[in-house]
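A.B. asks: Input data.cif, format and content: mmCIF, C-alpha atoms.
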data_final
#
loop_
_atom_site.label_atom_id
_atom_site.label_comp_id
_atom_site.auth_asym_id
_atom_site.auth_seq_id
_atom_site.Cartn_x
_atom_site.Cartn_y
_atom_site.Cartn_z
CA MET C 1 0.00 0.00 0.00
CA GLU C 2 1.38 3.40 -0.95
CA LEU C 3 1.86 5.92 1.81
CA PRO C 4 0.13 9.28 1.47
CA ASN C 5 2.35 11.86 -0.24
CA ARG C 6 3.19 13.89 2.91
CA GLN C 7 4.18 10.81 4.89
CA GLN C 8 6.37 9.63 2.02
CA GLN C 9 8.11 12.99 1.96
CA ALA C 10 8.76 12.84 5.72
CA LYS C 11 10.17 9.36 5.41
CA ASP C 12 12.44 10.43 2.56
CA PHE C 13 13.63 13.41 4.54
CA THR C 14 14.44 11.25 7.61
CA LEU C 15 16.32 8.79 5.46
CA LYS C 16 18.28 11.65 3.89
CA ILE C 17 19.22 12.97 7.36
CA LEU C 18 20.28 9.51 8.51
CA ALA C 19 22.34 9.07 5.36
CA PHE C 20 23.95 12.45 5.90
CA ILE C 21 24.83 11.59 9.48
CA LYS C 22 26.15 8.19 8.44
CA ARG C 23 28.32 9.87 5.82
CA TRP C 24 29.61 12.71 7.98
CA TRP C 25 29.38 11.53 11.62
CA LEU C 26 33.13 11.59 12.19
CA TYR C 27 33.43 15.24 11.15
CA ILE C 28 30.49 16.20 13.37
CA VAL C 29 31.81 14.34 16.42
CA VAL C 30 35.38 15.65 16.04
CA GLY C 31 34.15 19.24 15.60
CA LEU C 32 31.80 19.04 18.55
CA VAL C 33 34.35 17.45 20.91
CA LEU C 34 37.06 19.95 19.98
CA GLY C 35 34.61 22.84 20.32
CA ILE C 36 33.26 21.71 23.68
CA VAL C 37 36.74 21.16 25.15
CA LEU C 38 38.15 24.46 23.92
CA GLY C 39 34.96 26.35 24.77
CA TYR C 40 35.01 24.97 28.30
CA VAL C 41 38.68 25.81 28.82
CA ASN C 42 38.20 29.26 27.34
CA GLY C 43 35.22 29.89 29.64
CA LEU C 44 37.21 28.84 32.69
CA ILE C 45 40.21 30.99 31.79
CA THR C 46 37.98 34.00 31.18
CA ALA C 47 36.17 33.54 34.49
CA LEU C 48 39.24 32.74 36.58
CA VAL C 49 41.64 35.23 35.02
CA ILE C 50 43.98 36.64 37.68
CA MET U 1 34.57 15.25 -13.02
CA ALA U 2 35.62 12.92 -10.20
CA GLY U 3 38.21 15.51 -9.14
CA ILE U 4 35.60 18.25 -8.85
CA ARG U 5 33.36 15.98 -6.79
CA ALA U 6 36.18 15.04 -4.43
CA ARG U 7 37.04 18.75 -3.92
CA LYS U 8 33.42 19.60 -3.18
CA GLN U 9 33.26 16.80 -0.63
CA LYS U 10 36.40 18.07 1.06
CA GLN U 11 34.92 21.57 1.25
CA ALA U 12 31.69 20.23 2.69
CA GLY U 13 33.67 18.24 5.28
CA ALA U 14 35.65 21.31 6.34
CA LEU U 15 32.50 23.39 6.58
CA LEU U 16 30.80 20.73 8.66
CA LEU U 17 33.81 20.50 10.95
CA ALA U 18 33.82 24.28 11.43
CA VAL U 19 30.08 24.43 12.16
CA SER U 20 30.32 21.54 14.64
CA PHE U 21 33.27 23.24 16.31
CA LEU U 22 31.37 26.51 16.71
CA VAL U 23 28.35 24.74 18.16
CA GLY U 24 30.62 22.78 20.53
CA PHE U 25 32.47 25.95 21.54
CA GLY U 26 29.18 27.55 22.54
CA ILE U 27 28.14 24.50 24.54
CA GLY U 28 31.55 24.38 26.28
CA THR U 29 31.44 28.07 27.22
CA ILE U 30 27.95 27.76 28.67
CA ALA U 31 28.99 24.65 30.60
CA SER U 32 32.08 26.34 32.10
CA ASN U 33 30.04 29.40 33.11
CA ALA U 34 27.61 27.11 34.89
CA THR U 35 30.55 25.49 36.71
CA VAL U 36 32.09 28.69 38.06
CA GLN U 37 28.82 30.48 38.74
CA GLY U 38 28.28 31.15 42.41
CA GLU U 39 32.00 30.85 43.17
CA THR U 40 34.06 33.87 44.18
CA LEU U 41 37.69 34.03 43.16
CA PHE U 42 39.71 35.70 45.90
CA THR U 43 43.18 36.67 44.70
CA ILE U 44 46.17 37.92 46.67
CA ALA U 45 49.31 39.02 44.83
CA TYR U 46 52.22 39.08 47.29
CA SER U 47 55.96 39.78 47.13
CA SER U 48 58.05 36.63 46.65
CA GLU U 49 59.91 36.56 50.00
CA LYS U 50 56.56 35.82 51.70
CA GLU U 51 55.94 32.70 49.62
CA GLY U 52 56.71 30.11 52.31
CA TRP U 53 54.44 31.79 54.85
CA MET U 54 51.60 32.54 52.42
CA GLU U 55 51.54 28.98 51.11
CA GLU U 56 51.29 27.76 54.70
CA ILE U 57 48.43 30.06 55.71
CA LYS U 58 46.41 29.50 52.52
CA PRO U 59 44.75 26.28 53.73
CA LEU U 60 44.23 27.91 57.14
CA PHE U 61 42.37 30.77 55.49
CA GLU U 62 40.28 28.34 53.47
CA GLN U 63 39.30 26.55 56.66
CA TRP U 64 38.66 29.80 58.52
CA LEU U 65 36.46 31.07 55.66
CA SER U 66 34.36 27.92 55.63
CA THR U 67 33.39 28.52 59.26
CA ARG U 68 33.16 32.32 58.99
CA TYR U 69 31.19 32.36 55.70
CA PRO U 70 29.69 28.86 55.40
CA ASN U 71 27.40 29.79 52.50
CA GLN U 72 30.06 31.50 50.42
CA HIS U 73 31.93 29.43 47.83
CA VAL U 74 35.37 30.97 47.63
CA LYS U 75 38.28 29.86 45.47
CA LEU U 76 41.65 31.13 46.68
CA ASN U 77 44.36 32.26 44.33
CA PHE U 78 47.53 33.39 46.14
CA PHE U 79 50.59 33.99 43.97
CA PRO U 80 54.06 35.56 44.39
CA VAL U 81 55.21 38.44 42.21
CA GLY U 82 57.86 41.18 42.50
CA SER U 83 56.62 44.45 44.02
CA ARG U 84 57.45 46.65 41.07
CA GLU U 85 56.42 44.03 38.52
CA SER U 86 53.02 43.67 40.19
CA ILE U 87 52.39 47.43 39.93
CA ILE U 88 52.86 47.31 36.18
CA ALA U 89 50.67 44.20 35.87
CA ILE U 90 47.83 45.75 37.93
CA ILE U 91 47.93 48.99 35.94
CA ASN U 92 47.82 47.02 32.69
CA GLY U 93 44.91 44.92 33.92
CA GLN U 94 46.96 41.73 33.68
CA TYR U 95 46.45 40.99 37.39
CA LYS U 96 43.20 41.74 39.20
CA PRO U 97 43.86 40.88 42.83
CA ALA U 98 41.57 41.79 45.71
CA ILE U 99 44.60 42.24 47.96
CA TRP U 100 48.04 43.36 46.91
CA SER U 101 50.93 42.85 49.28
CA PRO U 102 54.19 44.47 48.21
CA ALA U 103 57.34 44.13 50.33
CA ALA U 104 56.97 47.62 51.77
CA SER U 105 54.55 50.52 52.08
CA THR U 106 56.89 52.58 49.90
CA TRP U 107 55.23 51.09 46.85
CA ILE U 108 51.64 52.08 47.77
CA PRO U 109 51.89 55.75 46.70
CA MET U 110 53.58 54.56 43.52
CA LEU U 111 50.69 52.24 42.60
CA ASN U 112 48.16 54.96 43.42
CA TYR U 113 50.16 57.50 41.41
CA TYR U 114 50.28 55.34 38.29
CA TRP U 115 46.62 54.35 38.72
CA ARG U 116 45.61 58.03 38.87
CA GLN U 117 47.64 58.69 35.73
CA GLN U 118 45.34 56.40 33.75
CA ALA U 119 42.81 58.24 31.64
CA GLY U 120 39.58 58.90 33.48
CA ILE U 121 40.74 57.51 36.83
CA GLY U 122 41.11 60.27 39.36
CA HIS U 123 40.99 58.26 42.57
CA PRO U 124 43.58 56.00 44.24
CA ILE U 125 43.12 52.27 43.70
CA THR U 126 43.78 51.44 47.36
CA THR U 127 42.79 53.40 50.44
CA TYR U 128 43.10 50.72 53.09
CA ASN U 129 45.91 48.47 54.23
CA ALA U 130 46.99 46.49 57.27
CA THR U 131 50.41 45.38 58.40
CA ALA U 132 51.23 42.49 60.70
CA VAL U 133 54.81 41.42 60.01
CA TYR U 134 58.10 43.09 59.11
CA THR U 135 61.62 42.17 58.10
CA PRO U 136 64.68 44.38 58.41
CA ILE U 137 66.90 44.67 55.34
CA VAL U 138 70.35 43.56 56.43
CA ILE U 139 73.85 43.18 55.03
CA ALA U 140 74.23 39.46 54.39
CA MET U 141 77.86 38.42 54.49
CA TRP U 142 79.80 35.19 54.71
CA ASN U 143 80.85 34.76 58.33
CA SER U 144 84.53 34.28 57.48
CA ILE U 145 84.70 37.78 55.99
CA ALA U 146 82.34 39.48 58.45
CA SER U 147 84.24 38.25 61.50
CA GLY U 148 87.64 38.52 59.80
CA TYR U 149 87.18 42.24 59.18
CA SER U 150 84.83 42.92 62.15
CA ILE U 151 82.13 44.46 59.97
CA THR U 152 79.37 46.24 61.86
CA SER U 153 78.34 49.11 59.59
CA MET U 154 77.90 50.37 56.05
CA GLN U 155 80.99 52.50 56.64
CA ASP U 156 83.06 49.38 57.43
CA VAL U 157 81.99 47.84 54.13
CA TYR U 158 82.82 51.10 52.36
CA VAL U 159 86.37 51.07 53.78
CA LEU U 160 86.85 47.54 52.44
CA THR U 161 85.71 48.63 48.99
CA THR U 162 88.60 51.13 48.87
CA MET U 163 91.22 48.42 49.42
CA THR U 164 93.14 47.08 46.42
CA PRO U 165 92.20 44.41 45.72
CA SER U 166 88.94 44.72 47.60
CA PRO U 167 87.78 41.65 49.53
CA ILE U 168 84.17 42.71 48.85
CA LYS U 169 82.10 41.37 45.98
CA LEU U 170 78.77 43.10 46.30
CA ALA U 171 75.31 42.13 45.07
CA HIS U 172 71.87 43.58 45.54
CA THR U 173 68.69 43.63 43.49
CA ASP U 174 67.94 46.16 40.78
CA PRO U 175 66.23 49.10 42.56
CA ARG U 176 63.98 49.59 39.55
CA LEU U 177 62.53 46.11 39.99
CA SER U 178 62.80 45.12 43.61
CA ASN U 179 62.09 46.64 47.00
CA SER U 180 65.27 45.39 48.70
CA GLY U 181 67.47 46.96 45.99
CA PHE U 182 65.51 50.19 46.25
CA CYS U 183 66.00 50.29 50.03
CA THR U 184 69.68 49.35 49.67
CA ILE U 185 70.36 52.52 47.66
CA ILE U 186 68.49 54.57 50.27
CA MET U 187 70.63 53.00 53.02
CA GLU U 188 73.77 53.76 51.01
CA VAL U 189 72.78 57.41 50.52
CA ALA U 190 71.86 57.73 54.21
CA ALA U 191 75.27 56.32 55.22
CA ALA U 192 77.04 58.60 52.73
CA ALA U 193 75.15 61.68 53.92
CA GLY U 194 75.42 60.74 57.60
CA LYS U 195 71.66 61.10 58.05
CA ASN U 196 68.69 58.97 59.02
CA SER U 197 67.09 57.94 55.77
CA SER U 198 63.78 59.58 56.65
CA ASP U 199 65.55 62.97 56.62
CA LEU U 200 66.97 62.57 53.13
CA THR U 201 65.86 65.01 50.45
CA LEU U 202 66.47 65.40 46.75
CA SER U 203 69.36 67.79 47.40
CA ASP U 204 71.31 64.96 49.07
CA LEU U 205 71.44 63.16 45.73
CA THR U 206 73.18 66.15 44.16
CA LEU U 207 76.01 66.38 46.72
CA GLU U 208 79.37 65.41 45.23
CA PRO U 209 80.66 63.59 48.37
CA VAL U 210 77.47 61.48 48.45
CA LYS U 211 77.80 60.62 44.76
CA ALA U 212 81.48 59.71 45.20
CA TRP U 213 80.69 57.53 48.25
CA VAL U 214 77.93 55.59 46.48
CA LYS U 215 80.03 55.26 43.31
CA GLN U 216 82.88 53.77 45.34
CA PHE U 217 80.51 51.46 47.24
CA GLU U 218 78.91 50.22 44.02
CA SER U 219 82.25 49.84 42.26
CA VAL U 220 82.69 46.36 43.76
CA ALA U 221 79.26 45.15 42.61
CA VAL U 222 79.34 41.90 40.68
CA GLN U 223 75.63 41.26 40.27
CA TYR U 224 72.26 43.03 40.32
CA GLY U 225 69.45 40.52 40.73
CA LYS U 226 65.85 40.80 39.61
CA SER U 227 64.36 39.56 42.85
CA THR U 228 65.66 39.04 46.36
CA GLY U 229 64.72 35.35 46.44
CA TYR U 230 66.84 34.81 43.32
CA LEU U 231 69.72 36.80 44.82
CA ILE U 232 70.12 34.56 47.86
CA GLN U 233 70.18 31.56 45.53
CA SER U 234 72.95 33.21 43.50
CA MET U 235 74.92 33.89 46.67
CA LEU U 236 74.58 30.26 47.72
CA GLN U 237 75.62 29.00 44.30
CA ALA U 238 78.57 31.38 43.94
CA GLY U 239 79.88 30.72 47.46
CA PRO U 240 82.23 32.96 49.50
CA ALA U 241 84.50 33.50 46.49
CA GLY U 242 81.68 34.63 44.19
CA ILE U 243 79.49 37.03 46.16
CA THR U 244 80.74 38.06 49.58
CA THR U 245 78.17 40.69 50.46
CA SER U 246 74.57 41.26 49.58
CA PHE U 247 71.55 43.14 50.87
CA LEU U 248 68.70 40.83 51.80
CA TYR U 249 65.66 40.45 54.00
CA GLU U 250 66.56 38.98 57.37
CA ASN U 251 64.19 36.02 56.89
CA LEU U 252 66.13 34.91 53.79
CA VAL U 253 69.33 34.73 55.86
CA ILE U 254 67.51 32.42 58.29
CA GLU U 255 66.08 30.26 55.51
CA SER U 256 69.49 29.84 53.82
CA ALA U 257 71.53 29.19 56.97
CA ALA U 258 71.53 25.39 56.85
CA GLU U 259 72.17 25.21 53.10
CA ALA U 260 75.11 27.64 53.25
CA LYS U 261 76.77 25.67 56.04
CA ALA U 262 76.24 22.33 54.31
CA GLN U 263 77.40 23.53 50.92
CA TRP U 264 80.36 25.75 51.76
CA GLY U 265 81.25 25.02 55.39
CA ASP U 266 80.77 28.74 56.04
CA SER U 267 77.62 30.51 57.15
CA ILE U 268 75.85 33.63 55.98
CA VAL U 269 75.33 36.14 58.77
CA ALA U 270 73.07 39.16 58.96
CA ILE U 271 74.83 42.39 59.83
CA TYR U 272 72.48 45.02 61.16
CA PRO U 273 74.38 48.18 60.21
CA ASP U 274 75.12 50.67 62.98
CA GLU U 275 73.63 53.40 60.77
CA GLY U 276 70.27 51.60 60.94
CA CYS U 277 68.06 49.22 58.98
CA ILE U 278 65.03 49.91 56.85
CA HIS U 279 62.17 47.65 57.87
CA SER U 280 60.01 46.15 55.15
CA ASP U 281 56.51 46.19 56.59
CA HIS U 282 54.71 43.95 54.07
CA PRO U 283 51.37 45.79 53.95
CA PHE U 284 48.26 43.95 52.77
CA CYS U 285 46.46 46.54 50.63
CA VAL U 286 42.80 46.10 49.80
CA LEU U 287 42.32 47.36 46.23
CA ASP U 288 38.96 48.76 47.30
CA ASN U 289 38.57 51.20 44.39
CA ALA U 290 39.48 48.73 41.65
CA PRO U 291 36.70 48.18 39.10
CA TRP U 292 36.84 44.40 39.55
CA MET U 293 36.11 44.60 43.28
CA THR U 294 32.63 43.49 44.34
CA SER U 295 31.06 43.93 47.76
CA VAL U 296 31.75 40.23 48.42
CA LEU U 297 35.44 40.66 47.54
CA ASN U 298 35.64 43.78 49.69
CA ASN U 299 34.13 41.95 52.65
CA LEU U 300 36.45 38.98 52.18
CA SER U 301 39.46 41.31 51.92
CA ARG U 302 38.55 43.13 55.12
CA ALA U 303 37.98 39.80 56.85
CA PHE U 304 41.48 38.76 55.79
CA THR U 305 43.23 41.98 56.85
CA ASP U 306 41.25 42.81 59.99
CA GLU U 307 40.54 39.38 61.42
CA PHE U 308 42.47 36.50 59.89
CA LEU U 309 45.81 38.31 59.74
CA LYS U 310 45.60 39.01 63.48
CA LEU U 311 45.12 35.40 64.52
CA PRO U 312 48.01 34.17 66.72
CA ALA U 313 48.27 30.94 64.66
CA VAL U 314 48.84 32.99 61.50
CA LEU U 315 51.41 35.29 63.10
CA GLU U 316 53.25 32.40 64.76
CA ARG U 317 53.66 30.73 61.40
CA ALA U 318 55.16 33.98 60.08
CA THR U 319 57.77 33.99 62.85
CA HIS U 320 58.83 30.45 61.94
CA HIS U 321 59.56 31.76 58.44
CA GLY U 322 61.81 34.47 59.92
CA PHE U 323 59.35 37.38 59.97
CA ARG U 324 59.10 39.61 63.03
CA VAL U 325 55.61 40.59 64.14
CA TYR U 326 54.23 43.90 65.38
CA ASP U 327 51.97 42.14 67.90
CA GLU U 328 54.06 42.06 71.08
CA ALA U 329 51.95 39.26 72.52
CA ILE U 330 53.55 36.89 70.02
CA THR U 331 56.93 35.60 71.18
CA LEU U 332 59.61 35.08 68.56
CA PRO U 333 60.81 31.46 68.41
CA ALA U 334 64.29 31.25 69.91
CA ASP U 335 65.18 28.30 67.68
CA THR U 336 64.58 30.45 64.57
CA PHE U 337 66.02 33.79 65.65
CA ARG U 338 69.42 32.60 66.85
CA SER U 339 73.06 33.14 65.97
CA GLU U 340 73.33 29.65 64.42
CA ASN U 341 70.90 30.92 61.77
CA GLY U 342 72.99 34.04 61.30
CA VAL U 343 70.59 36.50 62.95
CA ARG U 344 69.97 38.21 66.27
CA TYR U 345 66.97 37.68 68.50
CA ASN U 346 66.82 41.21 69.80
CA ILE U 347 67.37 44.15 67.46
CA THR U 348 65.86 46.93 69.55
CA ASP U 349 69.29 48.63 69.78
CA ILE U 350 69.54 48.93 65.97
CA PRO U 351 68.23 52.31 64.75
CA GLN U 352 65.21 51.93 62.52
CA MET U 353 65.35 53.90 59.30
CA ASN U 354 62.34 54.85 57.26
CA VAL U 355 61.87 55.48 53.60
CA PRO U 356 62.32 59.22 52.92
CA ALA U 357 59.16 61.28 52.86
CA ASP U 358 60.39 63.46 50.00
CA PRO U 359 58.58 62.18 46.86
CA ASP U 360 61.17 63.79 44.57
CA PHE U 361 63.88 61.80 46.30
CA ILE U 362 61.90 58.57 45.87
CA ALA U 363 61.27 59.30 42.21
CA ARG U 364 64.97 59.76 41.48
CA VAL U 365 66.64 57.04 43.53
CA ALA U 366 66.76 54.57 40.64
CA ASP U 367 68.20 57.19 38.25
CA PHE U 368 70.80 58.10 40.88
CA TRP U 369 71.84 54.45 41.05
CA LEU U 370 72.00 54.17 37.26
CA MET U 371 74.41 57.09 37.16
CA ASN U 372 76.69 55.69 39.84
CA ARG U 373 76.68 51.96 39.17
CA PRO U 374 79.42 50.19 37.28
CA VAL U 375 78.53 48.92 33.83
CA PHE U 376 78.98 45.19 33.29
#
Before we go any further, please render this structure as structure tokens.
C.D. replies:
Amino acid sequence: MELPNRQQQAKDFTLKILAFIKRWWLYIVVGLVLGIVLGYVNGLITALVI
Amino acid sequence: MAGIRARKQKQAGALLLAVSFLVGFGIGTIASNATVQGETLFTIAYSSEKEGWMEEIKPLFEQWLSTRYPNQHVKLNFFPVGSRESIIAIINGQYKPAIWSPAASTWIPMLNYYWRQQAGIGHPITTYNATAVYTPIVIAMWNSIASGYSITSMQDVYVLTTMTPSPIKLAHTDPRLSNSGFCTIIMEVAAAAGKNSSDLTLSDLTLEPVKAWVKQFESVAVQYGKSTGYLIQSMLQAGPAGITTSFLYENLVIESAAEAKAQWGDSIVAIYPDEGCIHSDHPFCVLDNAPWMTSVLNNLSRAFTDEFLKLPAVLERATHHGFRVYDEAITLPADTFRSENGVRYNITDIPQMNVPADPDFIARVADFWLMNRPVF
């Protein structure tokens, strides 16, 4: 049975997102980890500056 | 075609990495702010010769604060820095301490002067300070030389500098950088002029006999250190043949006594010159007008200077590090202030000299030294 048009579009979109994440997950994780670590350190230095 | 596709993929990867990094950076900053929120950073910048004592009382203060202000989360940051160096760092905004403790009160007008010079700041940065301990600045000499020539005064040292070859190899800190070097030049000028240092004026620096005396005295200098703590280390490394005479805080003579004896079989003794000693009074200045001061920091600072600093346990620890205390109820430990450590227990017979009141004199002491020091 064919899904209604809107549902089909949503399913396609979700699959595209999942494919994107599957393709690029390493870049996303590396960027986030680096950003969080440096952002945290930067925040601490700014707050605790002597 | 494949090449273009590969390049586009690389660009997309770099873009994705950058976007993820920016998002992560934001998350990290928010997380760190949440961590330090509600915590007060209480900073004291102190002159380096107090390091041993300050490190010892830091945990005591932490403990005392937790009972005095149980609901206040305070993080302590005590660090040593040269008196002159700290002035420059505070003016530049590099250091933002709540309390500033130079080696002597001499430096307070200087900090306030430079602070006022800043555009738009017409008021002094500090209007309140408390003192609890002091150390006389003494002539530190290897015992073999001090007893061999029976040195008791600046004049005795001067006479030895005129001998050829002179048995004196002099060292003191740079008066532009360090309090002890600054006070050494004042003591030299006072001895040359035959006055108490508090009576010195700018005109004394222009007298030819005074210039000639200081020039002769400085002619045997072999080293000008950056800080007094470094100078005593140099003296210990060089031994009796390297540096025979230096100007130090009394507590540094005590702290180096055992090492000198073990290393060279000779001891370093403090000579309290007959002309008098300048006492470094180690004020704890609350930077009450600094823009970074909050009411919490002001209250903590006053609690430190007015209450904690007066506790007998705190003052007793200072005496064990060779500091003398103004509170007469505290007895100096006889096992610290003893001749085996190169110092005297009682110095009430030594005239106390003060830093001259004449601001013009103060402003030109370093230049006077520059003109009369040897170049090496």
A.B. asks: Mind pulling up the distance from atom CA of U:Pro283 to atom CA of U:Val355?
C.D. replies: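 Here the two named atoms are 14.3 Å from each other.
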A.B. asks: Tell me, as a VMD selection string, which residues lie within 6 Å of stretch 261-270 of chain U, counting all atoms listed in the file; anything in the same chain fewer than 3 positions away does not count.
C.D. replies: chain U and resid 138 to 143 258 342 to 343
A.B. asks: I'd like the interatomic distance between atom CA of C:Tyr27 and atom CA of U:Ile4, to a tenth of an Å.
C.D. replies: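 Atom CA of U:Ile4 lies 20.3 Å from atom CA of C:Tyr27.
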A.B. asks: Should the cut-off be 9 Å, what would the residue list for chain U against chain C look like, counting only C-alpha atoms, as a PyMOL selection string?
C.D. replies: chain U and resi 13-14+16-33+35-36+41+43+77+94-97
A.B. asks: Using Å and a single decimal, report how far atom CA of U:Thr331 sits from atom CA of U:Trp107.
C.D. replies: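 Between atom CA of U:Trp107 and atom CA of U:Thr331 the gap works out to 28.9 Å.
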A.B. asks: Which residue is closest to U:Pro359? Choose from U:Val81, U:Ala257, U:Val286, U:Leu200 and count only C-alpha atoms.
C.D. replies: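 The shortest atom-to-atom distance to U:Pro359 comes from U:Leu200.
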A.B. asks: Please provide the set of residues having any atom within 7 Å of U:Glu275, restricted to all atoms listed in the file, with same-chain residues fewer than 2 positions apart removed, written as a PDB file with C-alpha atoms, in the coordinates of the input.
C.D. replies:
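Saved result, out.pdb, follows:
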ATOM      1  CA  SER U 153      78.340  49.110  59.590  1.00  0.00           C
ATOM      2  CA  ALA U 191      75.270  56.320  55.220  1.00  0.00           C
ATOM      3  CA  PRO U 273      74.380  48.180  60.210  1.00  0.00           C
ATOM      4  CA  PRO U 351      68.230  52.310  64.750  1.00  0.00           C
TER       5      PRO U 351
END
A.B. asks: Using all atoms listed in the file, can you tell me which of U:Thr348, U:Ser86, U:Gln223, U:Asn354 comes closest to U:Lys169?
C.D. replies: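 Smallest distance to U:Lys169 is found for U:Gln223.
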A.B. asks: For the file shown, report as a PyMOL selection string the outcome of the PyMOL selection byres ((chain U and resi 234-248) around 8) at residue level.
C.D. replies: chain U and resi 137-142+145+167-173+180-181+184+222+228+230-233+249-250+252-253+256+259-260+263-264+266
A.B. asks: Kindly indicate which residue among U:Glu85, U:Glu188, U:Glu255, U:Asp156 lies nearest to U:Glu51, using only C-alpha atoms for the distances.
C.D. replies: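 Nearest candidate to U:Glu51 out of U:Glu85, U:Glu188, U:Glu255, U:Asp156: U:Glu255.
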A.B. asks: Which is closer to U:Asn341 than all the others in U:Glu62, U:Ala366, U:Leu76, U:Gly322, using only C-alpha atoms?
C.D. replies: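 The closest residue to U:Asn341 is U:Gly322.
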A.B. asks: Kindly indicate which residue among U:Thr162, U:Asn298, U:Arg338, U:Leu111 lies nearest to U:Asn92, using only C-alpha atoms for the distances.
C.D. replies: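 Nearest to U:Asn92: U:Leu111.
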A.B. asks: With a distance cut-off of 8 Å and all atoms listed in the file, select the neighbouring residues of stretch 327-330 of chain U, excluding the residue or stretch itself and same-chain residues fewer than 6 positions from it, and output the selection as a PDB file with C-alpha atoms, in the coordinates of the input.
C.D. replies:
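What follows is the written file selection02.pdb:
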ATOM      1  CA  ALA U 132      51.230  42.490  60.700  1.00  0.00           C
ATOM      2  CA  PRO U 312      48.010  34.170  66.720  1.00  0.00           C
ATOM      3  CA  LEU U 315      51.410  35.290  63.100  1.00  0.00           C
ATOM      4  CA  GLU U 316      53.250  32.400  64.760  1.00  0.00           C
TER       5      GLU U 316
END
A.B. asks: Kindly resolve the PyMOL selection byres ((chain U and resi 155) around 12) on the present coordinates and return the residues as a VMD selection string.
C.D. replies: chain U and resid 139 150 to 154 156 to 162 187 to 194 213 to 214 216 to 217 273 to 276
A.B. asks: Run through the PyMOL selection byres ((chain U and resi 365) around 12) on the given coordinates and return the selected residues as a ChimeraX atom specification.
C.D. replies: /U:174-176,179,181-190,200-206,211,214,355-356,358-364,366-372
A.B. asks: What would the list of residues within 6 Å of (34.0, 27.5, 43.5) (file frame) look like as JSON, numbers by chain, if all atoms listed in the file are what count?
C.D. replies: {"U": [36, 39, 73, 74, 75]}
A.B. asks: Which residues are near U:Asp335? Cut-off 10 Å, all atoms listed in the file, ignore same chain within fewer than 5 positions. Put them as a ChimeraX atom specification.
C.D. replies: /U:320,340-341,345
A.B. asks: Would you mind exporting the chosen residues as a CSV table (one decimal), keeping the file's coordinate frame, restricted to C-alpha atoms?
C.D. replies:
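Below is the file again-v7.csv, written as the result:
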chain,number,residue,atom,x,y,z
U,320,HIS,CA,58.8,30.4,61.9
U,340,GLU,CA,73.3,29.6,64.4
U,341,ASN,CA,70.9,30.9,61.8
U,345,TYR,CA,67.0,37.7,68.5
A.B. asks: Name the closest residue to U:Lys195 among the candidates U:Met353, U:Trp100, U:Ala34, U:Thr127; distances are taken between atoms, counting all atoms listed in the file.
C.D. replies: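 Closest to U:Lys195, using all atoms listed in the file: U:Met353.
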A.B. asks: From the block I gave, I'd like stretch 24-42 of chain C written with C-alpha atoms, as a PDB file, in the first residue's frame.
C.D. replies:
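Writing done, so here's part.pdb:
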ATOM      1  CA  TRP C  24      29.608  12.713   7.976  1.00  0.00           C
ATOM      2  CA  TRP C  25      29.376  11.533  11.618  1.00  0.00           C
ATOM      3  CA  LEU C  26      33.135  11.592  12.186  1.00  0.00           C
ATOM      4  CA  TYR C  27      33.427  15.240  11.154  1.00  0.00           C
ATOM      5  CA  ILE C  28      30.491  16.198  13.370  1.00  0.00           C
ATOM      6  CA  VAL C  29      31.805  14.339  16.419  1.00  0.00           C
ATOM      7  CA  VAL C  30      35.379  15.649  16.044  1.00  0.00           C
ATOM      8  CA  GLY C  31      34.153  19.236  15.598  1.00  0.00           C
ATOM      9  CA  LEU C  32      31.796  19.042  18.554  1.00  0.00           C
ATOM     10  CA  VAL C  33      34.347  17.446  20.906  1.00  0.00           C
ATOM     11  CA  LEU C  34      37.055  19.945  19.982  1.00  0.00           C
ATOM     12  CA  GLY C  35      34.609  22.838  20.320  1.00  0.00           C
ATOM     13  CA  ILE C  36      33.261  21.711  23.683  1.00  0.00           C
ATOM     14  CA  VAL C  37      36.739  21.163  25.150  1.00  0.00           C
ATOM     15  CA  LEU C  38      38.153  24.458  23.922  1.00  0.00           C
ATOM     16  CA  GLY C  39      34.959  26.353  24.766  1.00  0.00           C
ATOM     17  CA  TYR C  40      35.010  24.967  28.296  1.00  0.00           C
ATOM     18  CA  VAL C  41      38.677  25.813  28.823  1.00  0.00           C
ATOM     19  CA  ASN C  42      38.199  29.261  27.337  1.00  0.00           C
TER      20      ASN C  42
END
